[in-house]
Amino acid sequence: MPTYVEVAVNIPSIAGVFHYHLPPELEGRVRAGHLVMAPFGSQTVYGVALGFVARPEVPETKPLLALVDDAVVLTSHQLGLAARLADTSLAPLAACVALMLPVGIAQQADTLYSQGEAPPASPSPLQNELLAELEKRGPLRGRQLERALPRRNWRAAAAALVRQGALAAAPMLPPPRVRAKFIRTAQLSAPPEFARANLQGLGGTTATQARRQKMLEFLLREPGPVDVAWVYAESGGKLDDLRALSEQGLVMLREQEAWRDPLAGLAYDPAVPPVLTPDQARAWEAIRAALAEARAGQIVRPILLHGVTGSGKTELYLRAVEETLQHGRQVIILVPEIALTPQTVRRFLARFPGRVGLVHSGLSEGERYDTWRRARAGGLAVIIGPRSALFTPLPELGLIVVDEEHDASYYQNTLQPYYHARQAAIDYARLAGAVCLLGSATPDAVTYHHARQGRITHLELPARILAHQDTVRAYRKRLGEAAARYQAAGDQATAAGLPPVSVVDMRAELKAGNTGIFSRALHAALADVFQKGQQAILFLNRRGAATYVFCRDCGQALKCPRCDNPLTLHGGVAKREALLPNQAAGGHLICHHCGYTRQPPKTCPNCASPRIRHYGMGTQRVEAEVQALFPDARTLRWDHETTRRKGAHEVILSHFINQRADVLIGTQMLAKGLDLPLVTLVGAVLADVGLTLPDPFAAERAFQVLTQVAGRAGRSPLGGQVVLQTFMPEHPVIQFAADHDFGGFMAQELESRRALGYPPFARLVRLETRAASPASAQRRAEDLAAQLRGWMAREERRATELIGPAPCFYARLGGEYRWQIVLRGPDPASLLAGRPLADWRIETQPQSLL
């Protein structure tokens, strides 16, 4: 009786899993988690074996074709996580499995065509061309023939030849998009004494003799294979010289695999673990005890490390990693975005040199592929990256750290499955018998509520650690800082309070005649910082130069033709030596939702008036204003436009840390846990952004970003201050942020959510449909709403509420109209399980209802 296998095929458009049987040659070789080749219709595709089944779902199964790799591509814990994700997100299991597949493997197989044994019968001109191409070049893949015979229906012609026997077609896997990297190496192949005795007579000219002699002398000093690039650099020689030495029996040329290391060339400072403060020591004992319990096979609750900005959370991460590695287990460190990665990587590199791997979308495919393979083989002990790093196959996972666990970038909202990496990390740790450590200065409301309830262990770090006492004494001697500002935090560390925050009412500034971007208080603070040779951060949660472009005569606003959202002006606000990529001298308009770009019109498209005005502000305009007010100030901008190139974040940070700029102007990237000791001023140019959005999570997001960005100031003995400019100074979010009062804000926020029935006191499911016309979108939404009400009535779900249907806040995106339905209740997702809703976008943990 054959063995039946359940396989998730790796085709994005296919939602299910399928049953196959093992041919005799694969019996006993295939295990759950293996990458296999499988027939699928007329194609051959990759798939992942999920497990064995006693009885297939179809009467006749096809055999698997091949085992691609003897090592599994998914561990048993990863397979369990994929099943859990599919269950909680209502996404197809195959889509969840695809999240975890290695880079370069997700493509369909091809067909290899070669000449057959039978002669063609009355071939057409196209068939003759095809046969001639094969005669000339030998067997060719389908993609190669596509390039050789473009825009021709050659596949039908080939199929006819195959039926005649004049052409042979065999399924095959194309070369992977990413292959292991190989380098040529050179090594001494003769005994050293023989090589030294033959240093003369290596070339016909003096120059050739000198090059080849230097090569031999260099290889005599190297005990093993050396990259030929090093040999060339040392000797000035070339490959022909090495080949000549090889022919004389002196040198052995080989190729060997080289790992593409994304950390190569990244400078870092060695670090010695500091002595812990009393607060850190208490938290560390609890973390160490949890790690020991997990190793003993006990189920451990997730841990929330709740510490103010600069309280030393990262040092506790490092200690937890060290403890985990000492017991032969591995670690995943999640950070919100690549912007955080450079400084975080340095900390871990310093403590664990040679054992850290980096995973994120900014790496080349080769770097990601090699990191994946090294981790799978147990060659890397620590993986650092954003949410995608969670799916790295570590055979002995012992710890998952989710730094800045509140951050919205942990939520995947572009492709299925729609999931939150924080919850996935908690589930994964439970499956793997590992510890999940969550860290934040402003924990997510749901996480905080669960910690208060005891479902998550709650550890607090209430004090900011300023610096080692020797560092503080040096600063005080140099700058004359008052000793009263600081207080001891243990034997060797010094603590300081969070920076004072000034709230500036911009309405009063307007009444006083100040129509500029900067209030008088912020202007004076900037002048003081520049005069002292210190640094400032200016935060604005908007890109571009102007956020609203309209006609002053008819009021027509320029909107994206595909999204109906206002176009943003980029560039053209000041004389600049360099322009952005693809930017005209007068600026250009961009839609930040779909990427639509156009040049600014000279006249209004509605009334033909030339009076087009740019209103509002973005990071480019703030930068131009700083340059106008402080011509000698050196500015750096840190936003999406300036960080497109690989390594741009690192370059900008390096310039700022090394004082090549006086002010850093940026968006939310600035709120991502950066440690910039020379920053003594943070100015939130417009703190109101996002406060008035019609979303139940808007207040929490605004409070988090303001608190986080305020935490960038005063992280050294230089001290610091924060200025929040706002048109709503009385708003509770502004007041709580100004007082650094997380507890007060969260008490009010949770009470509001309890009254309104939002998480953590209820669960939400968001269903969205899109259509080319608003009427179609509305009709589809109303039809589904009627179905949902029927299902709720039949199942007597009195506690589940249907909200809508209604147009989304951003009613049109990418040329499509959007309508949504929200289900709210104890378990609304279970109402939809197994229902035929494949053409609807379903989010079971929505982070926004916009």
# chains A, B, ... in the order shown; residues from 1 in each chain; ligands from 1
$ residues_around --residues "Ala633 of chain A" --least-positions-apart "2" --cutoff "9 Å" --atoms "only C-alpha atoms" --output "VMD selection string"
chain A and resid 530 626 to 627 629 to 631 635 661 to 663
$ select_by_dssp --residues "segment 54-235 of chain A" --states "strand (DSSP E)" --output "NGL selection string"
:A and (62-63 or 66-67 or 110-115 or 140-141 or 167-172 or 181-188 or 226-227)
$ atom_distance --atom1 "atom CA of Ser364 of chain A" --atom2 "atom CA of Ala377 of chain A"
20.2 Å
$ closest_residue --among "A:Ala381, A:Met728, A:Val72, A:Val36" --to "Ala508 of chain A" --atoms "only C-alpha atoms"
A:Met728
$ select_by_dssp --residues "segment 281-521 of chain A" --states "alpha helix (DSSP H)" --output "MDAnalysis selection string"
chainID A and resid 281:295 313:326 341:351 365:376 421:432 445:453 469:479 506:511 520:521
$ residues_around --residues "Glu730 of chain A" --least-positions-apart "4" --cutoff "10 Å" --atoms "only C-alpha atoms" --output "list of chain:residue names"
A:Val503, A:Asp505, A:Thr726, A:Ile734, A:Gln735
$ write_last_selection --atoms "N, CA and C atoms" --output "CSV table (one decimal), in the first residue's frame"
chain,number,residue,atom,x,y,z
A,503,VAL,N,4.9,72.3,26.1
A,503,VAL,CA,3.9,72.3,25.1
A,503,VAL,C,3.6,73.7,24.6
A,505,ASP,N,1.3,76.2,22.4
A,505,ASP,CA,0.1,76.4,21.7
A,505,ASP,C,0.3,77.2,20.4
A,726,THR,N,1.6,72.3,19.0
A,726,THR,CA,0.3,71.7,18.8
A,726,THR,C,-0.7,72.8,18.7
A,734,ILE,N,-1.8,64.8,24.3
A,734,ILE,CA,-0.7,65.8,24.4
A,734,ILE,C,-0.3,65.9,25.9
A,735,GLN,N,-1.3,66.0,26.7
A,735,GLN,CA,-1.0,66.2,28.2
A,735,GLN,C,-0.3,65.0,28.8
$ residues_around --residues "Ile426 of chain A" --least-positions-apart "4" --cutoff "9 Å" --atoms "only C-alpha atoms" --output "VMD selection string"
chain A and resid 301 to 302 400 421 to 422 430 to 431 435 to 437
$ closest_residue --among "A:Pro729, A:Pro393, A:Pro696, A:Gly513" --to "Gly379 of chain A" --atoms "only C-alpha atoms"
A:Pro393
$ residues_around --residues "segment 802-807 of chain A" --least-positions-apart "4" --cutoff "6 Å" --atoms "only C-alpha atoms" --output "list of chain:residue names"
A:Ala781, A:Ala811, A:Arg818, A:Trp819, A:Gln820, A:Ile821, A:Val822, A:Leu823
$ write_last_selection --atoms "N, CA and C atoms" --output "PDB file, in the first residue's frame"
ATOM      1  N   ALA A 781     -20.671  44.587  -0.566  1.00  0.00           N
ATOM      2  CA  ALA A 781     -20.635  44.710   0.886  1.00  0.00           C
ATOM      3  C   ALA A 781     -22.015  44.475   1.493  1.00  0.00           C
ATOM      4  N   ALA A 811     -11.419  55.866   0.841  1.00  0.00           N
ATOM      5  CA  ALA A 811     -12.459  55.168   0.078  1.00  0.00           C
ATOM      6  C   ALA A 811     -11.966  54.632  -1.257  1.00  0.00           C
ATOM      7  N   ARG A 818     -13.289  51.027  -1.987  1.00  0.00           N
ATOM      8  CA  ARG A 818     -13.207  50.119  -0.847  1.00  0.00           C
ATOM      9  C   ARG A 818     -14.415  50.276   0.081  1.00  0.00           C
ATOM     10  N   TRP A 819     -15.023  49.148   0.421  1.00  0.00           N
ATOM     11  CA  TRP A 819     -16.067  49.107   1.444  1.00  0.00           C
ATOM     12  C   TRP A 819     -15.665  48.061   2.470  1.00  0.00           C
ATOM     13  N   GLN A 820     -16.119  48.259   3.713  1.00  0.00           N
ATOM     14  CA  GLN A 820     -15.735  47.325   4.752  1.00  0.00           C
ATOM     15  C   GLN A 820     -16.898  47.004   5.689  1.00  0.00           C
ATOM     16  N   ILE A 821     -16.756  45.853   6.335  1.00  0.00           N
ATOM     17  CA  ILE A 821     -17.655  45.400   7.389  1.00  0.00           C
ATOM     18  C   ILE A 821     -16.780  45.026   8.573  1.00  0.00           C
ATOM     19  N   VAL A 822     -17.194  45.383   9.774  1.00  0.00           N
ATOM     20  CA  VAL A 822     -16.464  45.029  10.986  1.00  0.00           C
ATOM     21  C   VAL A 822     -17.357  44.166  11.865  1.00  0.00           C
ATOM     22  N   LEU A 823     -16.834  43.031  12.277  1.00  0.00           N
ATOM     23  CA  LEU A 823     -17.515  42.175  13.244  1.00  0.00           C
ATOM     24  C   LEU A 823     -16.851  42.361  14.601  1.00  0.00           C
TER      25      LEU A 823
END
$ atom_distance --atom1 "atom CA of Arg841 of chain A" --atom2 "atom CA of Ala95 of chain A"
13.7 Å
$ atom_distance --atom1 "atom CA of Gln248 of chain A" --atom2 "atom CA of Val231 of chain A"
17.6 Å
$ residues_around --residues "Arg812 of chain A" --least-positions-apart "5" --cutoff "12 Å" --atoms "only C-alpha atoms" --output "list in words"
Lys559, Cys560, Pro561, Arg562, Cys563, Asp564, Asn565, Pro566, His593, Cys594, Thr769, Arg770, Ala771, Ala772, Ser773, Pro774, Ala777, Pro807, Tyr817, Arg818, Trp819 and Leu850 of chain A
$ write_last_selection --atoms "N, CA and C atoms" --output "compact mmCIF listing (two decimals), in the first residue's frame"
# COMPACT_ATOMS: atom_id res chain seq x y z
N LYS A 559 -5.73 65.83 -6.53
CA LYS A 559 -5.81 64.51 -5.92
C LYS A 559 -5.29 63.44 -6.88
N CYS A 560 -4.93 62.32 -6.30
CA CYS A 560 -4.49 61.18 -7.11
C CYS A 560 -5.67 60.65 -7.92
N PRO A 561 -5.51 60.46 -9.23
CA PRO A 561 -6.62 59.96 -10.04
C PRO A 561 -6.99 58.52 -9.74
N ARG A 562 -6.11 57.82 -9.01
CA ARG A 562 -6.40 56.42 -8.70
C ARG A 562 -6.88 56.22 -7.27
N CYS A 563 -6.57 57.18 -6.38
CA CYS A 563 -6.87 56.98 -4.96
C CYS A 563 -7.76 58.05 -4.35
N ASP A 564 -7.94 59.18 -5.03
CA ASP A 564 -8.71 60.29 -4.48
C ASP A 564 -8.08 60.86 -3.21
N ASN A 565 -6.80 60.59 -2.97
CA ASN A 565 -6.10 61.16 -1.84
C ASN A 565 -5.28 62.35 -2.30
N PRO A 566 -5.08 63.35 -1.43
CA PRO A 566 -4.32 64.54 -1.83
C PRO A 566 -2.90 64.18 -2.25
N HIS A 593 0.07 56.66 -1.29
CA HIS A 593 -0.62 55.38 -1.17
C HIS A 593 -0.27 54.44 -2.32
N CYS A 594 -0.33 54.95 -3.56
CA CYS A 594 -0.12 54.05 -4.70
C CYS A 594 1.13 54.37 -5.51
N THR A 769 -13.82 44.70 0.77
CA THR A 769 -13.97 44.37 -0.64
C THR A 769 -13.56 45.58 -1.47
N ARG A 770 -13.08 45.30 -2.68
CA ARG A 770 -12.67 46.37 -3.58
C ARG A 770 -13.29 46.12 -4.95
N ALA A 771 -13.65 47.20 -5.63
CA ALA A 771 -14.27 47.07 -6.95
C ALA A 771 -13.94 48.31 -7.77
N ALA A 772 -14.11 48.17 -9.09
CA ALA A 772 -13.77 49.28 -10.00
C ALA A 772 -14.75 50.43 -9.89
N SER A 773 -15.98 50.17 -9.42
CA SER A 773 -16.98 51.23 -9.28
C SER A 773 -17.49 51.25 -7.84
N PRO A 774 -17.89 52.42 -7.34
CA PRO A 774 -18.40 52.49 -5.97
C PRO A 774 -19.68 51.69 -5.80
N ALA A 777 -18.80 47.97 -5.30
CA ALA A 777 -18.25 47.72 -3.97
C ALA A 777 -19.35 47.75 -2.92
N PRO A 807 -18.26 52.72 3.45
CA PRO A 807 -17.00 52.97 2.73
C PRO A 807 -15.85 53.11 3.72
N TYR A 817 -12.44 51.12 -5.44
CA TYR A 817 -13.25 51.63 -4.33
C TYR A 817 -13.35 50.58 -3.24
N ARG A 818 -13.29 51.03 -1.99
CA ARG A 818 -13.21 50.12 -0.85
C ARG A 818 -14.41 50.28 0.08
N TRP A 819 -15.02 49.15 0.42
CA TRP A 819 -16.07 49.11 1.44
C TRP A 819 -15.67 48.06 2.47
N LEU A 850 -9.20 52.12 9.25
CA LEU A 850 -9.25 53.15 8.21
C LEU A 850 -9.29 52.54 6.82
$ closest_residue --among "A:Ile465, A:Ala671, A:Ala159, A:Met37" --to "Leu540 of chain A" --atoms "only C-alpha atoms"
A:Ala671
$ residues_around --residues "Pro677 of chain A" --least-positions-apart "3" --cutoff "8 Å" --atoms "only C-alpha atoms" --output "list in words"
Thr680, Ala713, Gly714, Arg715, Ser716 and Leu718 of chain A
